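J.: I'm passing along my_file.txt; it holds compact mmCIF, C-alpha atoms and all ligand atoms.
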# COMPACT_ATOMS: atom_id res chain seq x y z
CA VAL A 18 67.99 73.52 36.31
CA PHE A 19 70.23 76.46 35.89
CA THR A 20 73.71 76.23 37.30
CA ALA A 21 76.61 78.47 36.40
CA ALA A 22 78.34 75.45 34.88
CA THR A 23 75.67 75.16 32.15
CA VAL A 24 76.77 78.42 30.52
CA ALA A 25 79.28 77.97 27.71
CA ALA A 26 81.83 80.68 27.04
CA ALA A 27 80.76 83.18 24.38
CA PRO A 28 83.13 83.95 21.53
CA GLU A 29 85.04 87.21 21.87
CA ASP A 30 83.51 90.18 20.03
CA PRO A 31 85.62 90.21 16.85
CA LEU A 32 86.07 93.99 16.72
CA PHE A 33 86.90 94.48 20.38
CA GLY A 34 89.21 91.42 20.17
CA LEU A 35 91.01 93.09 17.30
CA MET A 36 91.46 96.29 19.33
CA LYS A 37 92.95 94.29 22.19
CA ALA A 38 95.42 92.51 19.90
CA TYR A 39 96.46 95.88 18.48
CA ARG A 40 97.03 97.37 21.94
CA GLU A 41 99.17 94.40 22.95
CA ASP A 42 101.34 94.48 19.81
CA PRO A 43 104.69 96.06 20.83
CA SER A 44 105.72 96.97 17.25
CA ASP A 45 106.27 100.67 16.61
CA LYS A 46 105.08 100.18 13.02
CA LYS A 47 101.62 98.97 13.98
CA VAL A 48 98.61 100.47 12.22
CA ASP A 49 95.05 100.35 13.57
CA LEU A 50 92.49 100.24 10.79
CA GLY A 51 89.92 98.30 12.81
CA ILE A 52 87.69 100.40 14.95
CA GLY A 53 85.27 102.90 13.45
CA ALA A 54 86.39 105.95 15.35
CA TYR A 55 87.89 109.09 13.86
CA ARG A 56 91.60 109.67 14.39
CA ASP A 57 93.59 112.79 13.56
CA ASN A 58 96.73 112.80 11.44
CA ASN A 59 98.74 111.64 14.47
CA ALA A 60 96.44 108.62 14.95
CA LYS A 61 95.00 110.23 18.10
CA PRO A 62 91.34 110.64 19.09
CA TRP A 63 90.10 114.09 18.11
CA ILE A 64 87.93 116.20 20.37
CA LEU A 65 85.95 118.43 18.02
CA PRO A 66 86.78 122.07 18.85
CA VAL A 67 83.05 122.87 18.95
CA VAL A 68 82.47 120.04 21.42
CA LYS A 69 85.25 121.37 23.63
CA LYS A 70 83.58 124.78 23.56
CA ALA A 71 80.14 123.41 24.46
CA ASP A 72 81.74 121.28 27.16
CA ASP A 73 83.47 124.31 28.73
CA ALA A 74 80.19 126.25 28.70
CA ILE A 75 78.40 123.37 30.43
CA HIS A 76 81.00 123.32 33.19
CA LYS A 77 80.46 127.02 33.81
CA ASP A 78 76.68 126.73 33.93
CA PRO A 79 75.62 126.97 37.62
CA SER A 80 72.07 125.84 36.87
CA LEU A 81 73.07 122.28 35.93
CA ASN A 82 72.77 119.35 38.29
CA HIS A 83 72.79 115.57 38.13
CA GLU A 84 69.04 114.99 38.26
CA TYR A 85 67.40 112.43 35.97
CA LEU A 86 66.35 113.42 32.50
CA SER A 87 62.78 112.55 31.59
CA ILE A 88 62.07 109.12 30.09
CA GLY A 89 62.29 110.47 26.55
CA GLY A 90 65.47 112.41 27.26
CA LEU A 91 66.41 116.07 26.95
CA PRO A 92 63.61 117.82 24.97
CA ASP A 93 65.95 120.44 23.42
CA PHE A 94 68.14 117.60 22.20
CA THR A 95 65.41 115.39 20.73
CA SER A 96 63.67 118.26 18.94
CA ALA A 97 66.97 119.41 17.39
CA ALA A 98 67.93 115.84 16.47
CA GLN A 99 64.58 115.48 14.75
CA LYS A 100 65.10 118.67 12.70
CA LEU A 101 68.57 117.57 11.75
CA ILE A 102 67.33 114.33 10.26
CA VAL A 103 64.07 115.25 8.50
CA GLY A 104 64.68 118.98 8.02
CA ALA A 105 63.29 121.84 10.14
CA THR A 106 60.44 122.53 7.71
CA SER A 107 59.41 118.90 7.26
CA PRO A 108 55.63 118.32 7.17
CA ALA A 109 56.25 115.40 9.55
CA ILE A 110 57.20 117.95 12.23
CA GLN A 111 54.53 120.51 11.29
CA GLU A 112 51.83 117.85 11.34
CA LYS A 113 53.12 116.41 14.63
CA ARG A 114 53.52 112.93 13.24
CA ILE A 115 57.10 112.31 14.32
CA CYS A 116 58.03 111.30 17.84
CA SER A 117 61.58 111.10 19.16
CA LEU A 118 63.23 109.58 22.20
CA GLN A 119 66.81 110.01 23.30
CA THR A 120 68.59 106.65 23.37
CA ILE A 121 71.85 104.97 24.34
CA SER A 122 73.56 106.14 21.16
CA GLY A 123 72.76 104.47 17.84
CA THR A 124 72.89 100.97 19.27
CA GLY A 125 70.17 101.83 21.78
CA ALA A 126 68.07 103.41 19.04
CA VAL A 127 68.34 100.32 16.83
CA HIS A 128 67.40 98.20 19.82
CA LEU A 129 64.43 100.34 20.85
CA GLY A 130 63.10 100.32 17.29
CA GLY A 131 63.57 96.56 16.99
CA LEU A 132 61.88 95.94 20.33
CA PHE A 133 58.97 98.20 19.44
CA LEU A 134 58.36 96.49 16.09
CA SER A 135 58.73 93.05 17.62
CA LYS A 136 56.08 93.87 20.24
CA PHE A 137 53.65 96.05 18.33
CA HIS A 138 53.76 94.96 14.70
CA PRO A 139 50.77 92.61 14.40
CA GLN A 140 52.50 90.41 11.81
CA LYS A 141 55.96 90.63 13.36
CA PRO A 142 57.53 90.45 9.91
CA THR A 143 61.04 89.41 9.02
CA ILE A 144 63.62 92.19 8.98
CA TYR A 145 65.86 92.26 5.89
CA LEU A 146 69.46 93.35 6.42
CA SER A 147 71.97 94.23 3.73
CA ASN A 148 74.62 91.60 3.06
CA PRO A 149 76.98 92.57 4.57
CA THR A 150 75.90 94.90 7.35
CA TRP A 151 77.11 96.22 10.71
CA ALA A 152 77.57 92.93 12.59
CA ASN A 153 75.65 94.12 15.63
CA HIS A 154 72.41 94.41 13.63
CA ASN A 155 72.19 90.62 13.59
CA GLN A 156 72.56 90.32 17.36
CA ILE A 157 70.26 93.20 18.25
CA PHE A 158 67.33 92.11 16.08
CA THR A 159 67.76 88.47 17.10
CA ASN A 160 67.70 89.49 20.76
CA VAL A 161 64.34 91.22 20.37
CA GLY A 162 62.86 88.16 18.68
CA LEU A 163 62.62 89.29 15.07
CA SER A 164 63.49 86.83 12.31
CA LEU A 165 66.25 87.92 9.98
CA ALA A 166 66.89 87.68 6.27
CA ASN A 167 69.40 89.30 3.92
CA TYR A 168 69.26 91.27 0.71
CA PRO A 169 72.29 91.36 -1.61
CA TYR A 170 74.15 94.66 -1.38
CA PHE A 171 77.82 94.49 -2.27
CA SER A 172 79.08 93.28 -5.62
CA LYS A 173 82.46 91.55 -5.31
CA GLU A 174 83.07 92.13 -9.01
CA THR A 175 82.54 95.89 -9.13
CA LYS A 176 83.20 96.53 -5.43
CA GLY A 177 80.13 98.72 -5.72
CA LEU A 178 76.41 98.28 -5.17
CA ASP A 179 74.69 95.08 -6.38
CA PHE A 180 71.68 97.18 -7.27
CA ASN A 181 69.81 94.57 -9.32
CA GLY A 182 70.36 91.92 -6.67
CA MET A 183 69.07 94.30 -4.03
CA LEU A 184 65.94 95.27 -5.97
CA GLN A 185 65.16 91.66 -6.84
CA ALA A 186 65.37 90.66 -3.20
CA LEU A 187 63.14 93.56 -2.14
CA ARG A 188 60.61 92.50 -4.77
CA ALA A 189 60.76 88.87 -3.65
CA ALA A 190 60.43 89.64 0.08
CA PRO A 191 56.93 89.02 1.51
CA ASN A 192 54.69 92.10 1.40
CA GLY A 193 55.13 94.34 4.41
CA SER A 194 58.63 93.20 5.39
CA ILE A 195 60.87 95.46 7.48
CA ILE A 196 63.88 96.64 5.47
CA LEU A 197 66.90 97.97 7.29
CA LEU A 198 68.61 100.69 5.25
CA HIS A 199 71.84 102.55 6.02
CA ALA A 200 71.04 106.21 5.37
CA CYS A 201 74.58 107.02 4.23
CA ALA A 202 78.19 105.82 4.47
CA HIS A 203 77.20 102.16 4.59
CA ASN A 204 79.09 100.15 7.19
CA PRO A 205 81.12 98.08 6.32
CA THR A 206 81.26 98.67 2.56
CA GLY A 207 81.36 102.47 2.11
CA VAL A 208 78.97 101.93 -0.82
CA ASP A 209 75.76 104.01 -1.00
CA PRO A 210 72.95 104.02 -3.57
CA SER A 211 72.80 107.11 -5.79
CA GLN A 212 69.78 109.39 -5.44
CA ASP A 213 68.22 107.83 -8.55
CA GLN A 214 68.76 104.38 -7.09
CA TRP A 215 67.15 105.49 -3.81
CA ARG A 216 64.10 106.60 -5.82
CA GLU A 217 63.83 103.13 -7.35
CA ILE A 218 64.32 101.45 -3.99
CA ALA A 219 61.52 103.60 -2.58
CA ALA A 220 59.25 102.72 -5.52
CA VAL A 221 59.74 98.99 -4.99
CA MET A 222 59.24 99.33 -1.25
CA ARG A 223 56.05 101.29 -1.79
CA GLU A 224 54.79 98.65 -4.21
CA ARG A 225 55.56 95.86 -1.75
CA GLN A 226 54.39 97.90 1.27
CA HIS A 227 57.68 97.35 3.05
CA PHE A 228 58.51 99.26 6.21
CA PRO A 229 61.79 101.25 6.08
CA PHE A 230 64.00 101.15 9.17
CA PHE A 231 66.81 103.67 8.63
CA ASP A 232 70.05 103.46 10.56
CA THR A 233 72.05 106.69 10.41
CA ALA A 234 75.37 106.69 12.22
CA TYR A 235 77.42 108.87 9.86
CA GLN A 236 75.39 111.97 8.96
CA GLY A 237 77.82 114.69 7.90
CA PHE A 238 80.63 112.21 7.79
CA ALA A 239 80.03 110.87 4.31
CA SER A 240 79.91 113.98 2.15
CA GLY A 241 80.72 116.50 4.86
CA ASP A 242 77.24 117.94 4.26
CA LEU A 243 74.51 117.17 6.81
CA VAL A 244 71.61 117.78 4.44
CA ARG A 245 73.02 115.71 1.62
CA ASP A 246 73.77 112.84 4.00
CA SER A 247 70.13 112.76 5.14
CA TRP A 248 68.73 112.93 1.61
CA ALA A 249 67.45 109.35 1.48
CA ILE A 250 65.50 109.65 4.74
CA ARG A 251 64.01 113.00 3.73
CA TYR A 252 63.00 111.55 0.37
CA PHE A 253 61.20 108.59 1.98
CA VAL A 254 59.41 110.95 4.40
CA GLU A 255 58.40 113.16 1.46
CA GLN A 256 57.02 110.08 -0.28
CA GLY A 257 54.69 109.55 2.65
CA PHE A 258 56.23 106.39 4.10
CA GLU A 259 55.68 105.34 7.65
CA LEU A 260 59.20 104.68 8.88
CA CYS A 261 61.63 104.79 11.76
CA VAL A 262 65.14 106.13 12.20
CA ALA A 263 67.95 105.15 14.56
CA GLN A 264 70.32 108.11 14.83
CA SER A 265 73.77 108.12 16.37
CA PHE A 266 75.85 111.16 17.32
CA ALA A 267 78.89 109.05 18.22
CA LYS A 268 80.88 109.72 15.06
CA ASN A 269 79.71 113.12 13.88
CA PHE A 270 80.22 114.72 17.32
CA GLY A 271 83.04 112.43 18.43
CA LEU A 272 80.89 111.57 21.47
CA TYR A 273 81.49 107.82 21.25
CA GLY A 274 81.60 106.98 24.94
CA GLU A 275 78.89 109.46 25.93
CA ARG A 276 76.23 107.32 24.22
CA THR A 277 74.27 110.07 22.49
CA GLY A 278 71.54 109.15 20.03
CA ALA A 279 67.85 109.23 19.23
CA PHE A 280 65.06 107.05 17.91
CA HIS A 281 62.41 108.62 15.68
CA PHE A 282 59.11 107.19 14.48
CA VAL A 283 57.44 108.98 11.55
CA SER A 284 53.78 108.19 10.92
CA ALA A 285 52.36 108.38 7.42
CA PRO A 286 50.38 111.55 6.63
CA GLY A 287 46.64 111.46 7.27
CA ALA A 288 43.87 112.87 9.42
CA ASP A 289 44.67 110.70 12.46
CA ALA A 290 48.44 110.68 12.01
CA SER A 291 49.18 112.92 14.96
CA THR A 292 47.02 110.93 17.39
CA ALA A 293 48.43 107.63 16.14
CA ASN A 294 51.93 109.00 16.55
CA SER A 295 51.26 110.11 20.13
CA HIS A 296 50.10 106.55 20.92
CA ILE A 297 53.35 105.20 19.53
CA ALA A 298 55.30 107.74 21.59
CA SER A 299 53.52 106.59 24.74
CA GLN A 300 54.35 102.92 24.06
CA LEU A 301 57.97 103.73 23.28
CA ALA A 302 58.20 105.56 26.60
CA ILE A 303 56.98 102.46 28.46
CA LEU A 304 59.57 100.30 26.71
CA GLN A 305 62.30 102.83 27.44
CA ARG A 306 61.27 103.03 31.09
CA SER A 307 61.56 99.28 31.57
CA GLU A 308 64.93 99.08 29.87
CA ILE A 309 66.98 102.13 30.86
CA SER A 310 64.48 104.24 32.80
CA ASN A 311 65.94 107.39 31.26
CA PRO A 312 68.96 108.17 29.09
CA PRO A 313 72.33 109.67 30.10
CA ALA A 314 72.47 113.47 30.17
CA TYR A 315 75.99 114.55 29.41
CA GLY A 316 76.40 113.90 25.68
CA ALA A 317 72.89 115.15 24.95
CA ARG A 318 73.67 118.42 26.72
CA ILE A 319 76.73 118.93 24.54
CA ALA A 320 74.96 118.04 21.30
CA SER A 321 71.94 120.13 22.24
CA ARG A 322 74.04 123.26 22.80
CA VAL A 323 75.64 122.90 19.40
CA LEU A 324 72.48 121.94 17.52
CA ASN A 325 70.46 124.83 18.97
CA ASP A 326 73.01 127.64 18.55
CA PRO A 327 73.51 128.87 14.97
CA THR A 328 77.11 129.99 15.60
CA LEU A 329 78.13 126.72 17.20
CA PHE A 330 76.22 124.81 14.52
CA ALA A 331 78.29 126.51 11.80
CA GLU A 332 81.48 125.63 13.69
CA TRP A 333 80.31 122.04 13.90
CA GLU A 334 79.85 121.97 10.12
CA ASP A 335 83.47 123.13 9.80
CA ASP A 336 84.60 120.32 12.09
CA LEU A 337 82.63 117.81 10.01
CA ARG A 338 84.35 119.07 6.89
CA THR A 339 87.70 118.70 8.64
CA MET A 340 86.99 115.04 9.40
CA SER A 341 85.38 114.07 6.11
CA GLY A 342 87.99 116.07 4.20
CA ARG A 343 90.90 114.31 5.86
CA ILE A 344 89.31 110.94 5.16
CA GLN A 345 88.79 111.81 1.50
CA GLU A 346 92.43 112.90 1.30
CA MET A 347 93.52 109.53 2.68
CA ARG A 348 91.35 107.76 0.09
CA ARG A 349 93.03 109.67 -2.72
CA GLY A 350 96.46 109.13 -1.19
CA LEU A 351 96.01 105.38 -0.85
CA ARG A 352 94.66 104.92 -4.36
CA LYS A 353 97.45 107.04 -5.83
CA ARG A 354 100.12 105.02 -4.08
CA LEU A 355 98.70 101.64 -5.08
CA GLU A 356 98.29 102.73 -8.69
CA ALA A 357 101.81 104.17 -8.76
CA LYS A 358 103.19 100.82 -7.59
CA GLY A 359 101.13 98.96 -10.18
CA THR A 360 99.60 96.86 -7.41
CA PRO A 361 97.56 94.16 -9.21
CA GLY A 362 93.82 94.82 -9.36
CA SER A 363 91.84 98.02 -9.70
CA TRP A 364 91.73 100.54 -6.89
CA ASP A 365 89.20 103.11 -8.02
CA HIS A 366 86.72 101.77 -5.44
CA ILE A 367 88.93 103.29 -2.74
CA THR A 368 87.89 106.76 -3.86
CA SER A 369 84.36 105.94 -5.05
CA GLN A 370 83.38 104.45 -1.69
CA ILE A 371 82.56 107.04 0.96
CA GLY A 372 82.40 107.55 4.69
CA MET A 373 84.61 106.07 7.33
CA PHE A 374 85.02 102.60 5.86
CA SER A 375 86.32 100.99 2.75
CA PHE A 376 85.79 97.44 1.64
CA THR A 377 89.21 96.83 0.12
CA GLY A 378 88.52 93.45 -1.46
CA LEU A 379 91.47 91.94 0.43
CA SER A 380 90.88 88.28 1.32
CA GLU A 381 90.86 86.83 4.81
CA ALA A 382 94.26 85.21 4.11
CA GLN A 383 95.73 88.54 2.98
CA VAL A 384 94.29 90.27 6.04
CA LYS A 385 96.02 87.67 8.21
CA ILE A 386 99.41 88.27 6.58
CA LEU A 387 98.95 92.01 6.99
CA ARG A 388 98.40 91.48 10.68
CA ASP A 389 101.08 88.82 11.35
CA LYS A 390 103.84 90.24 9.19
CA TRP A 391 103.05 93.95 8.87
CA HIS A 392 101.28 94.68 12.20
CA VAL A 393 98.33 96.15 10.29
CA TYR A 394 95.00 95.47 12.03
CA MET A 395 91.69 95.32 10.15
CA THR A 396 88.55 93.18 10.26
CA LYS A 397 88.87 89.87 8.44
CA ASN A 398 86.28 90.84 5.80
CA GLY A 399 88.88 93.28 4.42
CA ARG A 400 87.24 96.41 5.78
CA ILE A 401 89.55 99.27 6.72
CA SER A 402 88.72 102.33 8.75
CA MET A 403 90.04 105.17 6.60
CA ALA A 404 90.41 107.31 9.70
CA GLY A 405 93.29 105.08 10.85
CA LEU A 406 95.38 106.21 7.89
CA ASN A 407 97.48 109.35 8.04
CA THR A 408 100.42 110.96 6.27
CA ASN A 409 102.82 109.03 8.54
CA ASN A 410 101.55 105.53 7.72
CA LEU A 411 100.11 105.79 4.18
CA ASP A 412 103.37 104.79 2.46
CA TYR A 413 103.85 101.88 4.84
CA PHE A 414 100.28 100.65 4.43
CA ALA A 415 100.43 100.89 0.63
CA GLU A 416 103.70 98.93 0.65
CA ALA A 417 102.09 96.28 2.88
CA VAL A 418 99.00 95.94 0.66
CA ASP A 419 101.16 95.78 -2.45
CA SER A 420 103.23 92.98 -0.96
CA VAL A 421 100.26 90.80 0.09
CA VAL A 422 98.39 91.26 -3.18
CA ARG A 423 101.34 90.25 -5.39
N1 LIG B 1 74.78 101.59 13.13
C1 LIG B 1 75.88 101.50 12.36
C2 LIG B 1 75.73 101.12 10.94
C3 LIG B 1 77.13 101.75 12.91
O1 LIG B 1 78.22 101.66 12.14
C4 LIG B 1 77.23 102.10 14.26
C5 LIG B 1 78.57 102.39 14.87
N2 LIG B 1 79.54 101.47 14.66
C6 LIG B 1 76.05 102.20 15.02
C7 LIG B 1 74.85 101.94 14.40
C8 LIG B 1 75.93 102.58 16.44
O2 LIG B 1 76.99 103.03 17.13
P1 LIG B 1 76.81 103.76 18.53
O3 LIG B 1 75.97 102.88 19.38
O4 LIG B 1 78.19 103.90 19.02
O5 LIG B 1 76.15 105.06 18.24
Please, can you express the file's structure as structure tokens?
Ligand code: PMP
T.:
Amino acid sequence: VFTAATVAAAPEDPLFGLMKAYREDPSDKKVDLGIGAYRDNNAKPWILPVVKKADDAIHKDPSLNHEYLSIGGLPDFTSAAQKLIVGATSPAIQEKRICSLQTISGTGAVHLGGLFLSKFHPQKPTIYLSNPTWANHNQIFTNVGLSLANYPYFSKETKGLDFNGMLQALRAAPNGSIILLHACAHNPTGVDPSQDQWREIAAVMRERQHFPFFDTAYQGFASGDLVRDSWAIRYFVEQGFELCVAQSFAKNFGLYGERTGAFHFVSAPGADASTANSHIASQLAILQRSEISNPPAYGARIASRVLNDPTLFAEWEDDLRTMSGRIQEMRRGLRKRLEAKGTPGSWDHITSQIGMFSFTGLSEAQVKILRDKWHVYMTKNGRISMAGLNTNNLDYFAEAVDSVVR
């Protein structure tokens, strides 16, 4: 029988535990490189100017109320989100073989996709995750009853992509496996395949009839260019894959707490593609209804205003360049400082990795010294959030890294 006493305590979420420890540290030198949220040069959250503008306009709009959205969310938002990811002129849109539902940010989109595949895929195949990956992938896909496996991704030697290891694993995976792919700015490593490597990945996946599940949480954040950051997804769609996409607007709009995202299912081209896709849309709506009934309105209203207005859209692109540009500057600044000090090891991966995160190569023991002695907080796998660095703490952080590496 169930009694409350039978439930053992769960371990603390490592990332949120890290944030708590940082908040409670009284040192004025402390540096937060843990959480994946953009910070400005004063280590403060940044409200994108374009988001502020859209927000002000929403507050002045007398026609708005607090009614429910529909089950699939705000139509102007989902259609714009769809265009942003596959391109406005994509045949998938023209041929009506992509359906999109608004979700509880990227996490909700990953969950909805996992739940759908778990329920409707007749073979319920194993889902392959990169090693390493965003830790929550493991929990989400386990919760929906999919079995998990890994493919190699990060090479400790080069601190770049273990491309051969990845391809071998994709070849060895049973035909028709689900492969989770980070569309850009891989979390936690900051390492992405090149376009040529993506082409080879697609070729192997086609050969093995694998199903691509794209997770895109950093579009516009990696290169600063929205189209370039969606290249891999657009290429797979062009190649005629059936695939799905979990899309988050948390980072690229700075709408973290507003839980703004979308799930897209693209059916392969063919005479019945549009009908098949509408069936999928109807099943997704039933799943969504039972889980959240309908998604939250506020963040989608903001994103929708920006995505559907060419002037605001251009301002958003400027804001994205501001964020990605500052991060790239911090990458160059950190590498320069470590190289100037002659810190043992090579540091070129700091600038070759992209997006919000860098896999420094620091060991768990070194990470612990950084935290205990230097008040620098990062995840124990040696990942740092580049956005936590700024011109006020770069020297200090470089000095700290130099001291623990020696
Ligand atoms: N996928 C990846 C790879 C991520 O890094 C994140 C954010 N940490 C998400 C999905 C989802 O985040 P959110 O639910 O805040 O959109």
J.: Report, in Å with one decimal, the straight-line distance from CA of Ala279 in chain A to CA of Ile115 in chain A.
T.: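 Answer for the CA of Ala279 in chain A to CA of Ile115 in chain A separation: 12.2 Å.
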J.: Please, which residues in range 294-383 of chain A fall within 10 Å of range 202-212 of chain A when counting all atoms listed in the file, and what is the closest atom pair and distance in Å to one decimal for each, ordered by chain then residue number, as a Markdown table?
T.:
| residue | atom | partner | partner_atom | distance |
| --- | --- | --- | --- | --- |
| A:His366 | CA | A:Val208 | CA | 9.0 |
| A:Ile367 | CA | A:Gly207 | CA | 9.0 |
| A:Thr368 | CA | A:Gly207 | CA | 9.8 |
| A:Ser369 | CA | A:Val208 | CA | 7.9 |
| A:Gln370 | CA | A:Gly207 | CA | 4.7 |
| A:Ile371 | CA | A:Gly207 | CA | 4.9 |
| A:Gly372 | CA | A:Ala202 | CA | 4.6 |
| A:Met373 | CA | A:Ala202 | CA | 7.0 |
| A:Phe374 | CA | A:Gly207 | CA | 5.2 |
| A:Ser375 | CA | A:Gly207 | CA | 5.2 |
| A:Phe376 | CA | A:Thr206 | CA | 4.8 |
| A:Thr377 | CA | A:Thr206 | CA | 8.5 |
| A:Gly378 | CA | A:Thr206 | CA | 9.8 |
J.: Which protein, DNA or RNA residues have an atom within 7 Å of ligand LIG 1 (chain B), counting all atoms listed in the file, as a list in words?
T.: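 Counting all atoms listed in the file, the residues within 7 Å of ligand LIG 1 (chain B) come out as Gly53, Ile121, Ser122, Gly123, Thr124, Gly125, Trp151, His199, His203, Asn204, Asp232, Thr233, Ala234, Ser265, Phe266, Ala267, Tyr273, Arg276, Thr277 and Gly278 of chain A.
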J.: Using only C-alpha atoms, give me every residue within 12 Å of (59.8, 115.0, 31.5) in file coordinates, as a PyMOL selection string.
T.: chain A and resi 84-93+118-119+302+310-312
J.: Ranking A:Pro62, A:Gly51, A:Pro286, A:Pro79 by minimum distance to Lys268 in chain A and counting only C-alpha atoms, which one comes first?
T.: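 Smallest distance to Lys268 in chain A is found for A:Pro62.
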J.: What gap, in Å, lies between CA of Arg388 in chain A and CA of Tyr55 in chain A?
T.: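 Separating CA of Arg388 in chain A from CA of Tyr55 in chain A is a distance of 20.8 Å.
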J.: Quick one, how far is CA of Gln264 in chain A from CA of Tyr39 in chain A?
T.: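 Separation of CA of Gln264 in chain A and CA of Tyr39 in chain A: 29.1 Å.
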J.: When you look at Leu165 in chain A with a cut-off of 8 Å (counting only C-alpha atoms), what residues show up, excluding the ones that are within fewer than 5 positions of it in the same chain? I need them as a list of chain:residue names.
T.: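 Listing them by chain and then by number gives A:Thr143, A:Ile144, A:Tyr145, A:Leu146, A:Asn155, A:Phe158, A:Thr159.
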J.: Closest to Asn181 in chain A among A:Asp242, A:Glu381, A:Asp42, A:Glu217, using only C-alpha atoms?
T.: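 The answer is A:Glu217, which sits nearest to Asn181 in chain A.
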J.: From the list A:Trp333, A:Tyr315, A:Trp391, A:Phe270, which residue is nearest Asp419 in chain A when using all atoms listed in the file?
T.: A:Trp391
J.: Nearest to Thr396 in chain A among A:Leu81, A:Asp49, A:Ser363, A:Pro108, with distances taken over only C-alpha atoms: which residue is it?
T.: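 Looking at the shortest contact to Thr396 in chain A, the residue is A:Asp49.
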J.: Can you work out which one of A:Ala404, A:Ile386, A:Val254, A:Ala331 has the shortest atom-to-atom distance to Glu346 in chain A, counting only C-alpha atoms?
T.: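 Nearest candidate to Glu346 in chain A out of A:Ala404, A:Ile386, A:Val254, A:Ala331: A:Ala404.
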J.: Please work out which residues fall within 10 Å of (87.2, 118.9, 17.6), coordinates as given in the file, with all atoms listed in the file counting, and return them as a list in words.
T.: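 Taken together, the residues in range are Asp57, Pro62, Trp63, Ile64, Leu65, Pro66, Val67, Val68, Lys69, Lys70, Phe270, Gly271, Glu332, Trp333, Asp335, Asp336, Leu337, Thr339 and Met340 of chain A.
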J.: Identify which of the residues A:Ala152, A:Ile344, A:Ala27, A:Ala417 lies closest to Lys385 in chain A, counting only C-alpha atoms when measuring atom-to-atom distances.
T.: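 Closest to Lys385 in chain A, using only C-alpha atoms: A:Ala417.
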J.: Select from range 46-128 of chain A every residue with an atom at most 8 Å from any atom of range 244-251 of chain A, then for each give the shortest pair of atoms and their distance in Å to one decimal, using only C-alpha atoms, rows by chain and rising number, as a Markdown table.
T.:
| residue | atom | partner | partner_atom | distance |
| --- | --- | --- | --- | --- |
| A:Leu101 | CA | A:Val244 | CA | 7.9 |
| A:Ile102 | CA | A:Ser247 | CA | 6.0 |
| A:Val103 | CA | A:Arg251 | CA | 5.3 |
| A:Gly104 | CA | A:Arg251 | CA | 7.4 |
